[in-house]
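Visitor: This is my_file.cif (mmCIF, C-alpha atoms).
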data_start
#
loop_
_atom_site.label_atom_id
_atom_site.label_comp_id
_atom_site.auth_asym_id
_atom_site.auth_seq_id
_atom_site.Cartn_x
_atom_site.Cartn_y
_atom_site.Cartn_z
CA MET A 13 -29.80 -19.09 -29.84
CA ASN A 14 -29.63 -22.36 -31.68
CA HIS A 15 -30.67 -23.02 -35.25
CA LYS A 16 -29.56 -26.65 -35.46
CA GLU A 17 -33.06 -27.61 -36.57
CA ILE A 18 -32.19 -26.21 -40.01
CA LEU A 19 -28.99 -28.24 -40.46
CA PRO A 20 -30.82 -31.11 -42.24
CA ARG A 21 -32.34 -28.56 -44.63
CA LEU A 22 -28.90 -27.18 -45.45
CA LYS A 23 -27.49 -30.69 -45.87
CA LYS A 24 -30.28 -31.33 -48.39
CA ILE A 25 -29.52 -28.01 -50.14
CA GLU A 26 -25.85 -29.00 -50.40
CA GLY A 27 -26.97 -32.22 -52.09
CA GLN A 28 -29.21 -30.26 -54.47
CA VAL A 29 -26.30 -28.00 -55.46
CA LYS A 30 -24.20 -31.10 -56.20
CA GLY A 31 -27.13 -32.43 -58.22
CA ILE A 32 -27.19 -29.24 -60.30
CA MET A 33 -23.46 -29.61 -61.03
CA LYS A 34 -24.16 -33.16 -62.21
CA MET A 35 -27.03 -31.93 -64.42
CA ILE A 36 -24.65 -29.44 -66.04
CA ASP A 37 -21.97 -32.08 -66.47
CA GLU A 38 -24.48 -34.35 -68.16
CA GLU A 39 -25.68 -31.45 -70.35
CA LYS A 40 -29.26 -31.63 -69.17
CA TYR A 41 -31.89 -29.28 -70.62
CA CYS A 42 -31.36 -25.61 -69.57
CA ILE A 43 -34.91 -25.07 -68.36
CA ASP A 44 -34.69 -28.11 -66.07
CA ILE A 45 -31.44 -26.76 -64.60
CA ILE A 46 -32.94 -23.30 -64.03
CA ASN A 47 -36.02 -24.81 -62.37
CA GLN A 48 -33.74 -26.83 -60.09
CA ILE A 49 -31.77 -23.68 -59.16
CA SER A 50 -35.09 -21.91 -58.41
CA ALA A 51 -36.02 -24.82 -56.14
CA VAL A 52 -32.77 -24.38 -54.19
CA LYS A 53 -33.43 -20.63 -53.84
CA GLY A 54 -36.88 -21.49 -52.47
CA ALA A 55 -35.35 -23.93 -49.96
CA LEU A 56 -32.84 -21.28 -48.84
CA HIS A 57 -35.69 -18.81 -48.44
CA LYS A 58 -37.44 -21.25 -46.09
CA ALA A 59 -34.25 -21.64 -44.03
CA GLU A 60 -33.98 -17.84 -43.86
CA MET A 61 -37.57 -17.54 -42.63
CA ILE A 62 -36.96 -20.08 -39.86
CA ILE A 63 -33.85 -18.25 -38.61
CA LEU A 64 -35.67 -14.93 -38.88
CA LYS A 65 -38.50 -16.25 -36.74
CA ASN A 66 -36.04 -17.57 -34.14
CA HIS A 67 -34.35 -14.16 -34.19
CA ILE A 68 -37.61 -12.31 -33.58
CA ASN A 69 -38.64 -14.75 -30.84
CA GLY A 70 -35.20 -14.49 -29.25
CA CYS A 71 -32.99 -11.41 -29.72
CA ILE A 72 -35.75 -9.00 -30.77
CA THR A 73 -38.12 -10.09 -28.00
CA ASN A 74 -35.38 -9.73 -25.38
CA ALA A 75 -34.31 -6.34 -26.67
CA ILE A 76 -37.93 -5.12 -26.53
CA LYS A 77 -38.36 -6.41 -22.98
CA GLU A 78 -35.17 -4.61 -21.98
CA LYS A 79 -36.41 -1.46 -23.75
CA ASP A 80 -33.36 -1.41 -25.93
CA ALA A 81 -34.73 -2.51 -29.26
CA GLU A 82 -34.23 0.48 -31.56
CA GLU A 83 -30.89 -0.62 -33.01
CA LYS A 84 -31.96 -4.27 -33.25
CA ILE A 85 -35.14 -3.35 -35.14
CA GLU A 86 -33.11 -1.14 -37.49
CA GLU A 87 -30.80 -4.10 -38.19
CA LEU A 88 -33.80 -6.43 -38.65
CA MET A 89 -35.41 -4.10 -41.19
CA LYS A 90 -32.18 -3.87 -43.22
CA THR A 91 -31.99 -7.67 -43.30
CA ILE A 92 -35.62 -8.11 -44.38
CA ASP A 93 -35.16 -5.40 -47.01
CA LYS A 94 -32.04 -7.08 -48.36
CA PHE A 95 -33.53 -10.54 -48.75
CA SER A 96 -36.89 -9.41 -50.04
CA LYS A 97 -35.95 -7.36 -53.06
CA MET B 115 -25.70 -26.54 -75.09
CA ASN B 116 -23.00 -26.40 -72.53
CA HIS B 117 -23.06 -24.49 -69.28
CA LYS B 118 -19.75 -25.71 -67.88
CA GLU B 119 -18.67 -22.10 -67.41
CA ILE B 120 -20.94 -21.97 -64.35
CA LEU B 121 -19.48 -25.05 -62.64
CA PRO B 122 -16.90 -22.99 -60.67
CA ARG B 123 -19.75 -20.75 -59.45
CA LEU B 124 -21.69 -23.77 -58.22
CA LYS B 125 -18.57 -25.22 -56.59
CA LYS B 126 -18.23 -21.92 -54.71
CA ILE B 127 -21.93 -21.99 -53.77
CA GLU B 128 -21.47 -25.52 -52.40
CA GLY B 129 -18.64 -24.18 -50.23
CA GLN B 130 -20.83 -21.30 -49.04
CA VAL B 131 -23.59 -23.72 -48.03
CA LYS B 132 -21.04 -25.72 -46.03
CA GLY B 133 -19.87 -22.45 -44.46
CA ILE B 134 -23.44 -21.66 -43.37
CA MET B 135 -23.73 -25.08 -41.71
CA LYS B 136 -20.50 -24.30 -39.84
CA MET B 137 -21.86 -20.89 -38.78
CA ILE B 138 -24.94 -22.62 -37.35
CA ASP B 139 -22.81 -25.25 -35.63
CA GLU B 140 -20.73 -22.51 -34.03
CA GLU B 141 -23.90 -20.62 -33.02
CA LYS B 142 -23.01 -17.48 -34.93
CA TYR B 143 -25.29 -14.44 -34.83
CA CYS B 144 -28.64 -15.02 -36.63
CA ILE B 145 -28.46 -11.89 -38.76
CA ASP B 146 -25.01 -12.86 -40.05
CA ILE B 147 -26.35 -16.29 -41.00
CA ILE B 148 -29.37 -14.80 -42.79
CA ASN B 149 -27.14 -12.37 -44.68
CA GLN B 150 -24.94 -15.26 -45.76
CA ILE B 151 -27.98 -17.21 -46.97
CA SER B 152 -29.11 -14.13 -48.92
CA ALA B 153 -25.65 -13.98 -50.52
CA VAL B 154 -26.01 -17.60 -51.69
CA LYS B 155 -29.46 -16.84 -53.13
CA GLY B 156 -27.88 -13.93 -55.02
CA ALA B 157 -25.12 -16.19 -56.37
CA LEU B 158 -27.71 -18.76 -57.51
CA HIS B 159 -29.66 -15.98 -59.21
CA LYS B 160 -26.53 -15.04 -61.19
CA ALA B 161 -26.06 -18.67 -62.25
CA GLU B 162 -29.71 -18.77 -63.33
CA MET B 163 -29.27 -15.62 -65.43
CA ILE B 164 -26.23 -17.07 -67.21
CA ILE B 165 -28.07 -20.28 -68.11
CA LEU B 166 -31.13 -18.28 -69.15
CA LYS B 167 -29.00 -16.18 -71.50
CA ASN B 168 -27.41 -19.32 -73.00
CA HIS B 169 -30.90 -20.74 -73.43
CA ILE B 170 -32.15 -17.64 -75.26
CA ASN B 171 -29.03 -17.51 -77.44
CA GLY B 172 -29.32 -21.24 -78.16
CA CYS B 173 -32.67 -23.04 -78.00
CA ILE B 174 -34.90 -19.98 -78.30
CA THR B 175 -32.90 -18.49 -81.17
CA ASN B 176 -32.97 -21.79 -83.06
CA ALA B 177 -36.68 -22.27 -82.47
CA ILE B 178 -37.39 -18.76 -83.81
CA LYS B 179 -35.24 -19.36 -86.88
CA GLU B 180 -37.12 -22.59 -87.52
CA LYS B 181 -40.42 -20.73 -87.00
CA ASP B 182 -41.38 -23.11 -84.25
CA ALA B 183 -40.93 -20.98 -81.15
CA GLU B 184 -44.42 -20.69 -79.68
CA GLU B 185 -44.11 -23.59 -77.25
CA LYS B 186 -40.52 -22.72 -76.34
CA ILE B 187 -41.46 -19.09 -75.56
CA GLU B 188 -44.40 -20.30 -73.45
CA GLU B 189 -42.01 -22.51 -71.45
CA LEU B 190 -39.50 -19.64 -71.13
CA MET B 191 -42.17 -17.28 -69.76
CA LYS B 192 -43.24 -19.85 -67.15
CA THR B 193 -39.64 -20.23 -66.03
CA ILE B 194 -38.99 -16.48 -65.78
CA ASP B 195 -42.28 -16.07 -63.94
CA LYS B 196 -41.37 -18.81 -61.47
CA PHE B 197 -37.95 -17.47 -60.56
CA SER B 198 -38.92 -13.84 -60.45
CA LYS B 199 -41.73 -13.83 -57.96
CA MET C 226 -51.04 3.40 -35.48
CA ASN C 227 -50.77 5.96 -38.19
CA HIS C 228 -49.03 5.55 -41.52
CA LYS C 229 -49.98 8.92 -43.03
CA GLU C 230 -46.28 9.60 -43.67
CA ILE C 231 -46.51 7.20 -46.63
CA LEU C 232 -49.50 8.90 -48.29
CA PRO C 233 -47.26 11.17 -50.44
CA ARG C 234 -45.37 8.04 -51.63
CA LEU C 235 -48.64 6.39 -52.64
CA LYS C 236 -49.83 9.58 -54.36
CA LYS C 237 -46.59 9.51 -56.37
CA ILE C 238 -47.08 5.80 -57.15
CA GLU C 239 -50.61 6.56 -58.42
CA GLY C 240 -49.07 9.15 -60.74
CA GLN C 241 -46.48 6.64 -61.94
CA VAL C 242 -49.21 4.09 -62.75
CA LYS C 243 -51.03 6.77 -64.77
CA GLY C 244 -47.72 7.52 -66.50
CA ILE C 245 -47.35 3.85 -67.48
CA MET C 246 -50.85 3.87 -68.99
CA LYS C 247 -49.83 6.91 -71.02
CA MET C 248 -46.61 5.16 -72.15
CA ILE C 249 -48.71 2.22 -73.38
CA ASP C 250 -51.18 4.54 -75.09
CA GLU C 251 -48.29 6.26 -76.87
CA GLU C 252 -46.80 2.88 -77.83
CA LYS C 253 -43.50 3.50 -76.07
CA TYR C 254 -40.72 0.90 -76.20
CA CYS C 255 -41.56 -2.29 -74.22
CA ILE C 256 -38.34 -2.35 -72.22
CA ASP C 257 -38.91 1.24 -71.06
CA ILE C 258 -42.43 0.30 -69.92
CA ILE C 259 -41.17 -2.79 -68.05
CA ASN C 260 -38.44 -0.76 -66.34
CA GLN C 261 -41.04 1.79 -65.27
CA ILE C 262 -43.25 -0.99 -63.84
CA SER C 263 -40.21 -2.35 -61.96
CA ALA C 264 -39.63 1.13 -60.52
CA VAL C 265 -43.22 1.20 -59.20
CA LYS C 266 -42.75 -2.26 -57.64
CA GLY C 267 -39.62 -0.91 -55.94
CA ALA C 268 -41.52 2.12 -54.62
CA LEU C 269 -44.29 -0.14 -53.27
CA HIS C 270 -41.65 -2.28 -51.59
CA LYS C 271 -40.33 0.80 -49.79
CA ALA C 272 -43.83 1.68 -48.61
CA GLU C 273 -44.25 -1.89 -47.37
CA MET C 274 -40.99 -1.71 -45.41
CA ILE C 275 -42.06 1.53 -43.70
CA ILE C 276 -45.40 0.07 -42.61
CA LEU C 277 -43.67 -3.13 -41.51
CA LYS C 278 -41.28 -1.13 -39.33
CA ASN C 279 -44.16 0.82 -37.80
CA HIS C 280 -45.91 -2.48 -37.16
CA ILE C 281 -42.89 -3.98 -35.38
CA ASN C 282 -42.34 -0.80 -33.37
CA GLY C 283 -46.04 -0.68 -32.48
CA CYS C 284 -48.19 -3.81 -32.43
CA ILE C 285 -45.37 -6.35 -32.16
CA THR C 286 -43.55 -4.42 -29.43
CA ASN C 287 -46.78 -4.05 -27.43
CA ALA C 288 -47.66 -7.71 -27.82
CA ILE C 289 -44.19 -8.73 -26.60
CA LYS C 290 -44.45 -6.42 -23.61
CA GLU C 291 -47.83 -7.92 -22.76
CA LYS C 292 -46.35 -11.42 -23.22
CA ASP C 293 -48.92 -12.22 -25.85
CA ALA C 294 -46.86 -12.13 -29.02
CA GLU C 295 -47.00 -15.66 -30.36
CA GLU C 296 -49.96 -15.16 -32.69
CA LYS C 297 -48.74 -11.71 -33.80
CA ILE C 298 -45.27 -13.07 -34.67
CA GLU C 299 -46.88 -15.94 -36.60
CA GLU C 300 -48.90 -13.40 -38.60
CA LEU C 301 -45.80 -11.23 -39.13
CA MET C 302 -43.81 -14.17 -40.49
CA LYS C 303 -46.58 -15.07 -42.96
CA THR C 304 -46.62 -11.49 -44.19
CA ILE C 305 -42.84 -11.28 -44.63
CA ASP C 306 -42.86 -14.66 -46.36
CA LYS C 307 -45.62 -13.54 -48.74
CA PHE C 308 -43.95 -10.32 -49.85
CA SER C 309 -40.44 -11.67 -50.05
CA LYS C 310 -40.84 -14.57 -52.44
CA MET D 77 -46.05 -3.29 -80.76
CA ASN D 78 -49.19 -2.68 -78.85
CA HIS D 79 -49.82 -3.50 -75.22
CA LYS D 80 -53.31 -2.01 -74.93
CA GLU D 81 -54.56 -5.34 -73.61
CA ILE D 82 -52.94 -4.48 -70.29
CA LEU D 83 -54.60 -1.07 -69.88
CA PRO D 84 -57.56 -2.53 -67.93
CA ARG D 85 -55.08 -4.22 -65.56
CA LEU D 86 -53.31 -0.91 -64.95
CA LYS D 87 -56.64 0.88 -64.47
CA LYS D 88 -57.46 -1.72 -61.80
CA ILE D 89 -54.01 -1.26 -60.21
CA GLU D 90 -54.61 2.51 -60.07
CA GLY D 91 -57.86 1.80 -58.22
CA GLN D 92 -56.02 -0.54 -55.82
CA VAL D 93 -53.43 2.15 -55.04
CA LYS D 94 -56.27 4.59 -54.29
CA GLY D 95 -57.82 1.90 -52.07
CA ILE D 96 -54.56 1.59 -50.11
CA MET D 97 -54.51 5.36 -49.52
CA LYS D 98 -58.06 5.07 -48.19
CA MET D 99 -57.04 2.18 -45.91
CA ILE D 100 -54.24 4.35 -44.49
CA ASP D 101 -56.57 7.31 -44.09
CA GLU D 102 -59.02 5.11 -42.19
CA GLU D 103 -56.16 3.71 -40.05
CA LYS D 104 -56.76 0.11 -41.07
CA TYR D 105 -54.63 -2.69 -39.61
CA CYS D 106 -50.97 -2.59 -40.81
CA ILE D 107 -50.84 -6.20 -41.89
CA ASP D 108 -53.95 -5.76 -44.07
CA ILE D 109 -52.33 -2.74 -45.71
CA ILE D 110 -49.07 -4.61 -46.36
CA ASN D 111 -50.96 -7.56 -47.83
CA GLN D 112 -52.83 -5.19 -50.13
CA ILE D 113 -49.53 -3.60 -51.25
CA SER D 114 -48.15 -7.11 -51.93
CA ALA D 115 -51.23 -7.82 -54.05
CA VAL D 116 -50.53 -4.71 -56.16
CA LYS D 117 -46.90 -5.77 -56.62
CA GLY D 118 -48.18 -9.16 -57.80
CA ALA D 119 -50.55 -7.49 -60.28
CA LEU D 120 -47.70 -5.31 -61.61
CA HIS D 121 -45.56 -8.42 -61.98
CA LYS D 122 -48.27 -10.00 -64.16
CA ALA D 123 -48.41 -6.86 -66.33
CA GLU D 124 -44.62 -7.00 -66.66
CA MET D 125 -44.74 -10.64 -67.75
CA ILE D 126 -47.33 -9.88 -70.45
CA ILE D 127 -45.24 -7.05 -71.89
CA LEU D 128 -42.11 -9.18 -71.67
CA LYS D 129 -43.82 -11.95 -73.65
CA ASN D 130 -44.98 -9.46 -76.30
CA HIS D 131 -41.42 -8.13 -76.45
CA ILE D 132 -39.95 -11.61 -77.00
CA ASN D 133 -42.60 -12.47 -79.60
CA GLY D 134 -42.06 -9.11 -81.32
CA CYS D 135 -38.74 -7.25 -81.05
CA ILE D 136 -36.59 -10.20 -79.99
CA THR D 137 -38.04 -12.54 -82.61
CA ASN D 138 -37.52 -9.95 -85.37
CA ALA D 139 -33.97 -9.22 -84.23
CA ILE D 140 -33.14 -12.93 -84.29
CA LYS D 141 -34.62 -13.34 -87.76
CA GLU D 142 -32.54 -10.40 -88.98
CA LYS D 143 -29.48 -11.91 -87.27
CA ASP D 144 -29.00 -8.78 -85.23
CA ALA D 145 -30.10 -9.92 -81.79
CA GLU D 146 -27.00 -9.65 -79.64
CA GLU D 147 -27.67 -6.16 -78.30
CA LYS D 148 -31.40 -6.84 -77.88
CA ILE D 149 -30.73 -10.02 -75.87
CA GLU D 150 -28.22 -8.14 -73.70
CA GLU D 151 -30.89 -5.52 -72.97
CA LEU D 152 -33.50 -8.23 -72.29
CA MET D 153 -31.23 -9.98 -69.79
CA LYS D 154 -30.60 -6.71 -67.91
CA THR D 155 -34.34 -6.13 -67.69
CA ILE D 156 -35.12 -9.65 -66.45
CA ASP D 157 -32.26 -9.38 -63.95
CA LYS D 158 -33.56 -6.04 -62.65
CA PHE D 159 -37.13 -7.15 -62.07
CA SER D 160 -36.31 -10.55 -60.69
CA LYS D 161 -34.06 -9.70 -57.80
#
Translate this structure into structure tokens?

Guide:
Amino acid sequence: MNHKEILPRLKKIEGQVKGIMKMIDEEKYCIDIINQISAVKGALHKAEMIILKNHINGCITNAIKEKDAEEKIEELMKTIDKFSK
Amino acid sequence: MNHKEILPRLKKIEGQVKGIMKMIDEEKYCIDIINQISAVKGALHKAEMIILKNHINGCITNAIKEKDAEEKIEELMKTIDKFSK
Amino acid sequence: MNHKEILPRLKKIEGQVKGIMKMIDEEKYCIDIINQISAVKGALHKAEMIILKNHINGCITNAIKEKDAEEKIEELMKTIDKFSK
Amino acid sequence: MNHKEILPRLKKIEGQVKGIMKMIDEEKYCIDIINQISAVKGALHKAEMIILKNHINGCITNAIKEKDAEEKIEELMKTIDKFSK
């Protein structure tokens, strides 16, 4: 499977993280920094959702077709649980 | 206020984001990529909490002492609400 | 599909919500009330994860086997996205 | 401090939890049940935010005025951290 479609998103996220370091260096207002960090978390969440969808359309779908999905679904649930709480 | 204490955290987060791009480039397993993205979100959350604490100890505390905190507390609540849902 | 296994969890959650109303009535300490509300949110999250797993093992698996999963996976992603941010 | 303003919200949440049990009993569609559970989590989050604001306007403000806020702010941060991740 190939997730290269999300590379530009991650490149942008890297730039946002650098931007936050600059905001701190320039002693910007705390609330503005926190809101910027929240924005980056939101962008990472979107990247996560794209990979998750690819995973369900790829690995999970194949495992179900091959009637060997139990372990994969267990792993999927743990991952969703981890990123959603 | 000065949040320079969190610069090394953000430097590390920048490295983690680069690492995720490398994982995608090398077509690593989706679930491992998602877990790594979740780890970065967790690290950003910690940075957020540190700045929030500085903000409460600094701006909010001063505003309360000067009996002019209503607007600041309103802004604080919006920020907490945004990053916690 | 049948989710009756989670009825006892929801019964317990109902009791916890009643308990929170009692805490408020008795003017308990705010932080204790908030922590109790967080506990209920955590319990609801667990219930959600159980139903989600049933859904993937049932509806999603069937749709994939019948090669008609696109719409179901779209719906699944929206649901995960909604409860995880 | 008095949070009785949120009692009607909690009463409504109790009704929603009962409604979810009914949905399960009537074997409603999984995704509809999950969305309803997410709605209850959202309603609990709003209740949490109201109590948190009261707490900051009450206990935290008093502690800051009496120059004895360190422990209270530590406790506040733990609570925000717990409900926001």

Visitor: Determine the residue set returned by the PyMOL selection byres ((chain B) within 9 of (chain D)) for the present structure, and present it as a ChimeraX atom specification.

Guide: /B:156,159-160,163,166-167,170-171,175-176,178-179,183-184,187-188,191,194-195,197-199

Visitor: Could you spell out the hits of the PyMOL selection byres ((chain C and resi 246-261) around 7) on the shown file, as a PDB file with C-alpha atoms, in the coordinates of the input?

Guide:
ATOM      1  CA  VAL C 242     -49.210   4.090 -62.750  1.00  0.00           C
ATOM      2  CA  LYS C 243     -51.030   6.770 -64.770  1.00  0.00           C
ATOM      3  CA  GLY C 244     -47.720   7.520 -66.500  1.00  0.00           C
ATOM      4  CA  ILE C 245     -47.350   3.850 -67.480  1.00  0.00           C
ATOM      5  CA  ILE C 262     -43.250  -0.990 -63.840  1.00  0.00           C
ATOM      6  CA  SER C 263     -40.210  -2.350 -61.960  1.00  0.00           C
ATOM      7  CA  ALA C 264     -39.630   1.130 -60.520  1.00  0.00           C
ATOM      8  CA  VAL C 265     -43.220   1.200 -59.200  1.00  0.00           C
TER       9      VAL C 265
ATOM     10  CA  MET D  77     -46.050  -3.290 -80.760  1.00  0.00           C
ATOM     11  CA  ASN D  78     -49.190  -2.680 -78.850  1.00  0.00           C
ATOM     12  CA  HIS D  79     -49.820  -3.500 -75.220  1.00  0.00           C
ATOM     13  CA  LYS D  80     -53.310  -2.010 -74.930  1.00  0.00           C
ATOM     14  CA  LEU D  83     -54.600  -1.070 -69.880  1.00  0.00           C
ATOM     15  CA  LEU D  86     -53.310  -0.910 -64.950  1.00  0.00           C
ATOM     16  CA  GLU D 124     -44.620  -7.000 -66.660  1.00  0.00           C
ATOM     17  CA  ILE D 127     -45.240  -7.050 -71.890  1.00  0.00           C
ATOM     18  CA  HIS D 131     -41.420  -8.130 -76.450  1.00  0.00           C
ATOM     19  CA  THR D 155     -34.340  -6.130 -67.690  1.00  0.00           C
TER      20      THR D 155
END

Visitor: Rounded to one decimal place, report the atom CA of C:Ala268-atom CA of D:Leu120 distance in Å.

Guide: 11.9 Å

Visitor: Just need chain D moved onto chain B: least-squares over all Cα atoms matched in order, then output as a PDB file with C-alpha atoms, in the coordinates of the input.

Guide:
ATOM      1  CA  MET D  77     -25.681 -26.490 -75.108  1.00  0.00           C
ATOM      2  CA  ASN D  78     -22.992 -26.399 -72.531  1.00  0.00           C
ATOM      3  CA  HIS D  79     -23.056 -24.507 -69.266  1.00  0.00           C
ATOM      4  CA  LYS D  80     -19.734 -25.730 -67.869  1.00  0.00           C
ATOM      5  CA  GLU D  81     -18.669 -22.120 -67.395  1.00  0.00           C
ATOM      6  CA  ILE D  82     -20.928 -21.993 -64.351  1.00  0.00           C
ATOM      7  CA  LEU D  83     -19.479 -25.069 -62.621  1.00  0.00           C
ATOM      8  CA  PRO D  84     -16.914 -22.998 -60.664  1.00  0.00           C
ATOM      9  CA  ARG D  85     -19.757 -20.753 -59.441  1.00  0.00           C
ATOM     10  CA  LEU D  86     -21.707 -23.780 -58.220  1.00  0.00           C
ATOM     11  CA  LYS D  87     -18.588 -25.238 -56.587  1.00  0.00           C
ATOM     12  CA  LYS D  88     -18.228 -21.932 -54.716  1.00  0.00           C
ATOM     13  CA  ILE D  89     -21.933 -22.001 -53.763  1.00  0.00           C
ATOM     14  CA  GLU D  90     -21.481 -25.534 -52.382  1.00  0.00           C
ATOM     15  CA  GLY D  91     -18.634 -24.199 -50.237  1.00  0.00           C
ATOM     16  CA  GLN D  92     -20.837 -21.305 -49.057  1.00  0.00           C
ATOM     17  CA  VAL D  93     -23.606 -23.716 -48.023  1.00  0.00           C
ATOM     18  CA  LYS D  94     -21.038 -25.728 -46.037  1.00  0.00           C
ATOM     19  CA  GLY D  95     -19.872 -22.448 -44.472  1.00  0.00           C
ATOM     20  CA  ILE D  96     -23.441 -21.666 -43.368  1.00  0.00           C
ATOM     21  CA  MET D  97     -23.714 -25.084 -41.694  1.00  0.00           C
ATOM     22  CA  LYS D  98     -20.484 -24.296 -39.850  1.00  0.00           C
ATOM     23  CA  MET D  99     -21.844 -20.888 -38.788  1.00  0.00           C
ATOM     24  CA  ILE D 100     -24.928 -22.618 -37.353  1.00  0.00           C
ATOM     25  CA  ASP D 101     -22.807 -25.247 -35.637  1.00  0.00           C
ATOM     26  CA  GLU D 102     -20.711 -22.502 -34.049  1.00  0.00           C
ATOM     27  CA  GLU D 103     -23.891 -20.614 -33.027  1.00  0.00           C
ATOM     28  CA  LYS D 104     -23.000 -17.470 -34.945  1.00  0.00           C
ATOM     29  CA  TYR D 105     -25.291 -14.429 -34.837  1.00  0.00           C
ATOM     30  CA  CYS D 106     -28.649 -14.999 -36.639  1.00  0.00           C
ATOM     31  CA  ILE D 107     -28.461 -11.887 -38.758  1.00  0.00           C
ATOM     32  CA  ASP D 108     -25.001 -12.863 -40.057  1.00  0.00           C
ATOM     33  CA  ILE D 109     -26.358 -16.286 -40.995  1.00  0.00           C
ATOM     34  CA  ILE D 110     -29.373 -14.801 -42.797  1.00  0.00           C
ATOM     35  CA  ASN D 111     -27.149 -12.371 -44.690  1.00  0.00           C
ATOM     36  CA  GLN D 112     -24.937 -15.263 -45.762  1.00  0.00           C
ATOM     37  CA  ILE D 113     -28.000 -17.218 -46.970  1.00  0.00           C
ATOM     38  CA  SER D 114     -29.119 -14.120 -48.928  1.00  0.00           C
ATOM     39  CA  ALA D 115     -25.666 -13.984 -50.524  1.00  0.00           C
ATOM     40  CA  VAL D 116     -26.033 -17.604 -51.694  1.00  0.00           C
ATOM     41  CA  LYS D 117     -29.471 -16.846 -53.148  1.00  0.00           C
ATOM     42  CA  GLY D 118     -27.889 -13.929 -55.020  1.00  0.00           C
ATOM     43  CA  ALA D 119     -25.131 -16.191 -56.374  1.00  0.00           C
ATOM     44  CA  LEU D 120     -27.730 -18.759 -57.513  1.00  0.00           C
ATOM     45  CA  HIS D 121     -29.666 -15.972 -59.209  1.00  0.00           C
ATOM     46  CA  LYS D 122     -26.539 -15.036 -61.194  1.00  0.00           C
ATOM     47  CA  ALA D 123     -26.070 -18.677 -62.249  1.00  0.00           C
ATOM     48  CA  GLU D 124     -29.718 -18.761 -63.335  1.00  0.00           C
ATOM     49  CA  MET D 125     -29.283 -15.615 -65.424  1.00  0.00           C
ATOM     50  CA  ILE D 126     -26.240 -17.070 -67.214  1.00  0.00           C
ATOM     51  CA  ILE D 127     -28.092 -20.266 -68.113  1.00  0.00           C
ATOM     52  CA  LEU D 128     -31.141 -18.267 -69.156  1.00  0.00           C
ATOM     53  CA  LYS D 129     -28.999 -16.168 -71.506  1.00  0.00           C
ATOM     54  CA  ASN D 130     -27.419 -19.302 -73.006  1.00  0.00           C
ATOM     55  CA  HIS D 131     -30.919 -20.726 -73.437  1.00  0.00           C
ATOM     56  CA  ILE D 132     -32.152 -17.620 -75.283  1.00  0.00           C
ATOM     57  CA  ASN D 133     -29.023 -17.498 -77.455  1.00  0.00           C
ATOM     58  CA  GLY D 134     -29.315 -21.235 -78.155  1.00  0.00           C
ATOM     59  CA  CYS D 135     -32.677 -23.031 -77.988  1.00  0.00           C
ATOM     60  CA  ILE D 136     -34.906 -19.968 -78.303  1.00  0.00           C
ATOM     61  CA  THR D 137     -32.906 -18.479 -81.172  1.00  0.00           C
ATOM     62  CA  ASN D 138     -32.954 -21.794 -83.071  1.00  0.00           C
ATOM     63  CA  ALA D 139     -36.678 -22.259 -82.476  1.00  0.00           C
ATOM     64  CA  ILE D 140     -37.372 -18.766 -83.809  1.00  0.00           C
ATOM     65  CA  LYS D 141     -35.234 -19.371 -86.885  1.00  0.00           C
ATOM     66  CA  GLU D 142     -37.122 -22.606 -87.544  1.00  0.00           C
ATOM     67  CA  LYS D 143     -40.411 -20.749 -86.995  1.00  0.00           C
ATOM     68  CA  ASP D 144     -41.369 -23.134 -84.243  1.00  0.00           C
ATOM     69  CA  ALA D 145     -40.927 -20.980 -81.160  1.00  0.00           C
ATOM     70  CA  GLU D 146     -44.392 -20.688 -79.673  1.00  0.00           C
ATOM     71  CA  GLU D 147     -44.097 -23.592 -77.242  1.00  0.00           C
ATOM     72  CA  LYS D 148     -40.502 -22.700 -76.330  1.00  0.00           C
ATOM     73  CA  ILE D 149     -41.458 -19.086 -75.540  1.00  0.00           C
ATOM     74  CA  GLU D 150     -44.395 -20.305 -73.435  1.00  0.00           C
ATOM     75  CA  GLU D 151     -41.996 -22.499 -71.448  1.00  0.00           C
ATOM     76  CA  LEU D 152     -39.490 -19.630 -71.121  1.00  0.00           C
ATOM     77  CA  MET D 153     -42.151 -17.281 -69.753  1.00  0.00           C
ATOM     78  CA  LYS D 154     -43.230 -19.854 -67.137  1.00  0.00           C
ATOM     79  CA  THR D 155     -39.622 -20.223 -66.031  1.00  0.00           C
ATOM     80  CA  ILE D 156     -38.997 -16.470 -65.780  1.00  0.00           C
ATOM     81  CA  ASP D 157     -42.295 -16.066 -63.920  1.00  0.00           C
ATOM     82  CA  LYS D 158     -41.370 -18.819 -61.449  1.00  0.00           C
ATOM     83  CA  PHE D 159     -37.950 -17.474 -60.548  1.00  0.00           C
ATOM     84  CA  SER D 160     -38.924 -13.844 -60.441  1.00  0.00           C
ATOM     85  CA  LYS D 161     -41.717 -13.857 -57.924  1.00  0.00           C
TER      86      LYS D 161
END

Visitor: Work out how far apart atom CA of C:Asn279 and atom CA of C:Asp293 are and give it in Å to one decimal.

Guide: 18.3 Å

Visitor: In Å, with one decimal, what is the gap from atom CA of B:Ile127 to atom CA of A:Gly27?

Guide: 11.5 Å

Visitor: Write out as lines of an AutoDock Vina configuration file an axis-aligned box for stretch 265-281 of chain C: all of its atoms listed in the file, 6 Å added on each side, centre and edge lengths in Å with one decimal.

Guide:
center_x = -42.8
center_y = -0.9
center_z = -47.3
size_x = 18.3
size_y = 18.1
size_z = 35.8
